[in-house]
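Report on the structure given below.
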Amino acid sequence: MRKLELLAPGGDIESIKAAIVAGADAVYCGLNSFNARTRAENLSFEDLHGLLRIAHRHNCQLFLTLNIIVLEQELPALLKLLNQLVNTAIDGVIVQDLGLFYLLKQHYPTLDIHASTQVTTHNTGQLEFLANLGASRANLSRELNLTEIKLMSDKAHQLDMLTEVFVHGSNCIGFSGLCYFSSAHGGNSGNRGRCSQPCRDQYQTTDAGAEYPLNLKDNSAFSDLDALYAAGADSLKVEGRIKKSHYVYRVIDTWRKQISRLEQDLDLSSDKAPLYTVFNRDFSNGYLHGAVGKQMYIDNPRDNAVQHFSQIESLKLLQQGESNQALPNIKQALYDEKTEIITTVAGRIANLSLDKPKIDLAFSGKQGEPLAIKVRVSEQSGLIADRVLEIASEDNLIASDKYGLNDAELQKRFSSFNNAEYQLAPLSLNALNEGLFVPFKALTEMKRSIVTWLNNGREQVEEVTLQQVRQQLNFSQINCTQSNLAQTELSPVKSSVAVTKFEHRPKLSILIANRRDLALYQQLKQQIGDMSQLRVYYLVPDAIAAEQEKLTLLFKREPELIPWFGAVIMQPDFEAASALLSELKPKLIVTNNSGLGLVAKQLRLDWIAGPYLNTSNTLSMQSLRTQGCVGAFVSNELNKNQIKGLKVPRGFELHYSIYHPIMLMSSRQCLFLQSSGCDKSVMDAECLTVCKKHTGLTNVKGVDFVIDKKRREHNALYGSEHFYNPHIALELNRQLDWLHLDLRAVATRSELHQSPLETIKAIDTVLAKQSETNLHTDKQHATEDIDLLSSLESLMSQTTCVQYRKGL
C-alpha cells in the first residue's frame, strides 16, 4: 500500500513536539525570517537543530518554510541563512519566490525543494514548470476538487514529484499567493507572511444579511481520506502554524488514527467530534467535492466549538422530549477537555529535550606515531546512547619546540564545534605527549572527517557568496538567450540595451479586455501607425475553452494584438490555451500563469511574466529567463527603493503598471452569495461562463470595496480606487522599459478626465518631454519634472498609490 504522509503545522517548539508525539510523519515550521507566518512564534536556528534531533529519532521529517517573496536587499541575509541550513539535516524547504527556486537549484542542490501553496498550483503546466525549477513536490491549490487532484497527482508522479493537499484547517477565500487584500489595506502583505486576515473582518450588514460576508468555514477532508488516497495525494497537510500545541496534538492524533484505519483496511470513522473540541469555524469539504457555494460560508469568524456542541445537546433534548431542560455547561466541558489535552501533551513531550549534545574530544599520541582523536557525543538527558568515533592522522607526530599541540592551539582549531548544534566540552590532552606537532593540514583533514561523521556521512558544503551568485548570473546573461529573441520586432534588446543613458525612455503598453475595447485599438492603429512603439494586450478570459474559437478568429484577424493570460487557468482552460498558442504562434504573450510560460517556451515563443507572478528580485528574473521569459512586470507591492535596487539581467525587459484596478483577491468562490445575494446555492459551470455582476462591500470602518464578476472570469474583489503612480515615470524612468495602463472596465471611484485615447497620447507626450529634460541642467530638470508630474496627475482623479509609497 502506498504510504500517505501526515504533515503537521509547527508554529512554536511545543506545537512541533506535540505533532511528533501525536504521530505526524512530517512537520513544517519557520524560522524568525523568510517565512509566511510571522504571527507564529517561530524558531531560532539553535531550536531548529534540537527539533531536528527529536524529529528524526521519532522517524518524523522536518520541513522549513521559506515561503515569501524576497527583496533584492535581502539576498545577502538569505544567503547567510542558506549557508547555515545546507549543513543541517533539514528534510526540505518550502518555497514561493521564483528567485529562491533558482538559487537553491543552482547553488544548494542538496536541499530538497517543495513548492508552497503560495505558488498557486492548479494546472499540469505549472507542475512541469516547477519541476524544471527543481521542485520535488507541490502543495496544490486548496480550491481543487478530487477529480482535479487526481489529474494533478498523476502528472506529478510522471514528473517524479509528490503532491500535498490541505485536508484540515482554515480556508482562504482567495487563491493563495494571489491575495493582496491585507497588503493594500493595512500594509501587511500575505506574500511576506503578515496577512492580517481582513476577509475575517466585520462589514456593514449586506443585502444578503451577512456581517462577515467573506468568512469561510474551515476545511475538513476527514471523511474523504479514502477518496484522497484514490486520487493519488501523497501528503495530507494540516493548516495551523498560529495554533497552539493542544490544537495540533488533537488534530494530528485524530488524523493519525483515521490513516491507520485506512492502512489496516478498516472502515473509516465518521466521528468528527474530537476535531470540534478544538478551534474551528465549523467544517466544509465543499472545494474537495466541487460543491462550492453558500454552505461553505459561516457568519462568525470566531471559535465554533461551543455552538456546535450546544446544538447537538439541544437536539438530543428535543428528541427526548426534554427541550425545557437546561443545557449542560458546554463551555466548561470544553475547557476541561482542553486542560486534559494540555496535560497529556505536557506529559508526552516532557523528555523531549532541546539541550545540545556534548562533544568530548580526547587527543592522544607520542612521537613517531599518528595523532589520535577519540570523539564522544553524548546527550545531556542521558536517554540516548553515546556515539563514538576514533580517528588517526595520516602523518606521524614529530618533536617541535615552537608549534606544539598545546591546549590553546587545539582549542583554536576545534572551537567551531561549540556552536548552535553542539556543546564542546573541555579538551582532554592527558594522553598526548608534550612538544609534539603534526602539519596543520592533517588537523584540518581530521576536523573535516569529524564534521562528516557528525553529519551522518554528508560532506560539509562550502559557503556561497553573493559575488559567486552574480558571477554565474553574468555567465548566464551571455549564454542564455531565447531562440527568436534577436529577430523578433518585440525584442527587449531594442528597448533598453541598444540605447544610451540619456536616449532611453520607457514605452507604453495598455490592456483591453473585450470587443468593445477594440474600437480604441483601431483608433490607436490609425493615429500611431508604428505599433512597435505601443503594445496593446488583450485579456484572454479565465474560461478559455468556452471562448477558444472566438479568440482564434480575433488574434488571426488582429495579429498585432498580444494575448494576456490571467493567473488562474484551470486544467481544461490550460489545455485550450495551449491549443490556442500552438495554432496562433504569436510572437509574444504576457502570462500571469507559469504553466503557459512553460507552453510558450516549448513553442519557442517569447513571453513576459505578468504582475501576479510577484517578481521582486534579480534572481526571480533570472529564474524566469531560464524558462524562456524575456521580461517581467515588477510586483505591484514594491516601493521606489525596492524597485531601484533591482539589477536587471542584460536584454531582459522591466515592466511596471502605473494604472490599474487594485485586485485584492481572485476567488473560485461566489462572492455575491453573502453580499448582494444569489438564487443559486451552489456554483455550476454557468456561474463562470455566463454570470456578470457588480456590487460593493463596506467594512465597519467605512472602507469600501468592489466585487466584480465578468463573463468567463472568476469572481474578484477590488479596492474602491484605481492605482495610479505617475511619479515612477519620472523617478525611475531610466530603469523601466515599459509603463503599463490597465484600461479594463472595472467600475471604481476613479475617473479618467479624458478619453482613453487622449489619456494615452497625453502620457506618451509627457514621457517624450521627460526624456528630453535629461539633457538639461539639474535646476532645469527639476523644474521641468514638477510641470510634467503635474500634467500626469491632472489626467485622473480619485486614485491611490499607497502601496508604492509603503512597499513591502
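By order of appearance in the C-alpha cells: chains A, B, ..., then residues from 1 within every chain, and ligands from 1 in the order shown.
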Asn592 in chain A surroundings by only C-alpha atoms, 9 Å radius, close-in-sequence under 2 positions cut, as a PyMOL selection string: chain A and resi 564-568+590+594-597+608-613
Restrict the selected residues to C-alpha atoms and save them as an mmCIF file, in the first residue's frame.
```cif
data_model
loop_
_atom_site.group_PDB
_atom_site.id
_atom_site.type_symbol
_atom_site.label_atom_id
_atom_site.label_comp_id
_atom_site.auth_asym_id
_atom_site.auth_seq_id
_atom_site.Cartn_x
_atom_site.Cartn_y
_atom_site.Cartn_z
ATOM 1 C CA TRP A 564 -2.579 38.473 -21.966
ATOM 2 C CA PHE A 565 -3.368 35.456 -19.761
ATOM 3 C CA GLY A 566 -4.578 35.642 -16.174
ATOM 4 C CA ALA A 567 -3.182 33.910 -13.111
ATOM 5 C CA VAL A 568 -5.827 31.212 -12.647
ATOM 6 C CA VAL A 590 2.017 38.022 -21.369
ATOM 7 C CA SER A 594 3.662 29.869 -15.140
ATOM 8 C CA GLY A 595 2.030 26.886 -16.866
ATOM 9 C CA LEU A 596 1.549 28.941 -20.018
ATOM 10 C CA GLY A 597 5.093 30.235 -19.648
ATOM 11 C CA ILE A 608 6.528 38.209 -20.353
ATOM 12 C CA ALA A 609 5.763 37.407 -16.714
ATOM 13 C CA GLY A 610 2.703 39.341 -15.582
ATOM 14 C CA PRO A 611 2.430 41.250 -12.284
ATOM 15 C CA TYR A 612 0.792 38.356 -10.413
ATOM 16 C CA LEU A 613 3.907 36.204 -10.696
#
```
Near-Glu793 in chain A list (12 Å; only C-alpha atoms; drop same-chain fewer than 2 positions) as a VMD selection string: chain A and resid 658 to 659 724 to 729 751 to 753 759 762 to 763 766 785 to 791 795 to 801
Nearest to Ser44 in chain A, chosen from A:Leu62, A:Leu81, A:Val306, A:Glu558, with only C-alpha atoms counted in the distances: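 Comparing A:Leu62, A:Leu81, A:Val306, A:Glu558 against Ser44 in chain A, the winner is A:Leu81.
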Would you pick out the contacts of Leu127 in chain A at 10 Å or less, using only C-alpha atoms, so that residues sharing its chain but fewer than 2 positions from it are not included, and give the list as a compact mmCIF listing (two decimals) with C-alpha atoms, in the first residue's frame?
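Just written: part_36.txt:
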```
# COMPACT_ATOMS: atom_id res chain seq x y z
CA ALA A 115 6.62 24.41 -3.87
CA THR A 121 -0.52 25.38 -8.47
CA HIS A 122 -3.69 24.23 -10.23
CA ASN A 123 -2.75 23.00 -13.73
CA THR A 124 -0.31 20.43 -15.07
CA GLY A 125 1.79 23.02 -16.91
CA PHE A 129 7.34 24.46 -14.71
CA LEU A 130 8.06 23.82 -11.03
CA ALA A 131 9.80 20.54 -11.84
CA ASN A 132 12.08 22.47 -14.19
CA LEU A 133 12.91 24.80 -11.29
CA ALA A 135 10.81 21.22 -7.04
CA SER A 136 10.35 17.67 -5.79
CA ARG A 137 6.78 18.26 -4.58
CA ALA A 138 3.98 20.81 -4.88
CA LEU A 140 -1.73 22.04 -4.66
CA MET A 152 -2.54 16.72 -10.95
CA SER A 153 -1.18 13.81 -8.90
CA LYS A 155 1.05 14.30 -13.78
CA ALA A 156 3.24 14.93 -10.73
CA LEU A 159 7.46 14.07 -13.32
CA MET A 161 7.11 14.77 -8.00
CA THR A 163 1.65 16.28 -4.23
CA SER A 594 3.66 29.87 -15.14
CA GLY A 595 2.03 26.89 -16.87
CA LEU A 598 6.15 26.60 -19.99
```
Every residue of range 546-783 of chain A that DSSP places in strand (DSSP E or B), as a VMD selection string: chain A and resid 562 to 565 588 to 591 606 to 609 615 629 to 634 653 to 667 682 693 to 699 704 to 709 715 to 724 738 to 742 751 to 752
Please report as CSV every residue of range 65-90 of chain A lying within 12 Å of range 23-33 of chain A, along with the nearest atom pair and their distance in Å (one decimal), using only C-alpha atoms.
```
residue,atom,partner,partner_atom,distance
A:Thr65,CA,A:Gly30,CA,5.0
A:Leu66,CA,A:Gly30,CA,7.2
A:Asn67,CA,A:Gly30,CA,9.1
A:Ile68,CA,A:Ser33,CA,9.5
A:Ile69,CA,A:Ser33,CA,11.7
A:Val70,CA,A:Ser33,CA,10.7
A:Glu74,CA,A:Ser33,CA,10.5
A:Ala77,CA,A:Ser33,CA,9.5
A:Leu78,CA,A:Ser33,CA,9.1
A:Lys80,CA,A:Ser33,CA,11.9
A:Leu81,CA,A:Ser33,CA,9.3
A:Leu82,CA,A:Ser33,CA,11.9
A:Leu85,CA,A:Leu31,CA,10.9
A:Ile90,CA,A:Tyr28,CA,10.5
```
Spatial neighbours of Arg470 in chain A, 12 Å, only C-alpha atoms, chain gap at least 2 places, as an MDAnalysis selection string: chainID A and resid 75:76 103 106:107 464:468 472:477 618:619 622 647:649
Quick one: write out the picked residues with C-alpha atoms as a tab-separated table (two decimals), in the first residue's frame?
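The result, written out as again_12.tsv:
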```tsv
chain	number	residue	atom	x	y	z
A	75	LEU	CA	19.72	38.48	-0.74
A	76	PRO	CA	22.84	38.71	1.49
A	103	LEU	CA	19.23	29.89	-6.04
A	106	GLN	CA	21.98	26.24	-8.83
A	107	HIS	CA	23.89	26.58	-5.55
A	464	VAL	CA	28.16	30.51	-1.33
A	465	THR	CA	28.78	34.24	-1.65
A	466	LEU	CA	26.64	36.86	-3.36
A	467	GLN	CA	29.62	37.56	-5.62
A	468	GLN	CA	29.62	33.93	-6.79
A	472	GLN	CA	27.10	32.98	-12.54
A	473	LEU	CA	24.34	35.41	-13.49
A	474	ASN	CA	26.75	37.28	-15.73
A	475	PHE	CA	27.73	34.00	-17.39
A	476	SER	CA	24.06	33.11	-17.86
A	477	GLN	CA	23.27	36.51	-19.33
A	618	THR	CA	17.10	39.85	-9.74
A	619	LEU	CA	17.17	36.10	-9.14
A	622	GLN	CA	16.98	35.08	-13.94
A	647	LYS	CA	19.71	44.55	-11.07
A	648	VAL	CA	18.05	43.60	-14.32
A	649	PRO	CA	19.64	40.86	-16.46
```
Selection near Ile384 in chain A, 12 Å with only C-alpha atoms, sequence-local residues under 5 positions removed, as a list in words: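 Here the qualifying residues turn out to be Arg53, Ile54, Arg57, Asn351, Leu352, Ser353, Pro357, Val377, Ser378 and Glu379 of chain A.
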Dump C-alpha atoms for the selected residues as a tab-separated table (two decimals), in the first residue's frame?
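And here's again-v5.tsv as it stands now:
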```tsv
chain	number	residue	atom	x	y	z
A	53	ARG	CA	17.27	15.62	16.51
A	54	ILE	CA	13.94	14.94	18.21
A	57	ARG	CA	14.57	9.96	16.42
A	351	ASN	CA	11.51	14.21	27.97
A	352	LEU	CA	11.94	15.73	24.50
A	353	SER	CA	14.86	17.96	25.39
A	357	PRO	CA	24.60	17.16	22.78
A	377	VAL	CA	28.89	12.65	21.50
A	378	SER	CA	26.55	12.30	24.46
A	379	GLU	CA	23.04	13.57	25.05
```
With a cut-off of 10 Å, could you pull out the residues of range 665-699 of chain A touching range 201-220 of chain A and give me the nearest pair of atoms for each, distance in Å to one decimal, using only C-alpha atoms, ordered by chain and ascending number, as a Markdown table?
```
| residue | atom | partner | partner_atom | distance |
| --- | --- | --- | --- | --- |
| A:Gln669 | CA | A:Leu214 | CA | 9.7 |
| A:Cys670 | CA | A:Leu214 | CA | 9.8 |
| A:Leu671 | CA | A:Leu214 | CA | 7.3 |
| A:Phe672 | CA | A:Ala208 | CA | 8.6 |
| A:Leu673 | CA | A:Ala208 | CA | 7.2 |
| A:Gln674 | CA | A:Pro213 | CA | 4.8 |
| A:Ser675 | CA | A:Thr206 | CA | 5.2 |
| A:Ser676 | CA | A:Asp207 | CA | 5.1 |
| A:Gly677 | CA | A:Ala208 | CA | 5.0 |
| A:Cys678 | CA | A:Ala208 | CA | 8.6 |
| A:Gly696 | CA | A:Thr206 | CA | 9.1 |
| A:Leu697 | CA | A:Tyr203 | CA | 7.2 |
| A:Thr698 | CA | A:Gln204 | CA | 5.7 |
| A:Asn699 | CA | A:Tyr203 | CA | 3.8 |
```
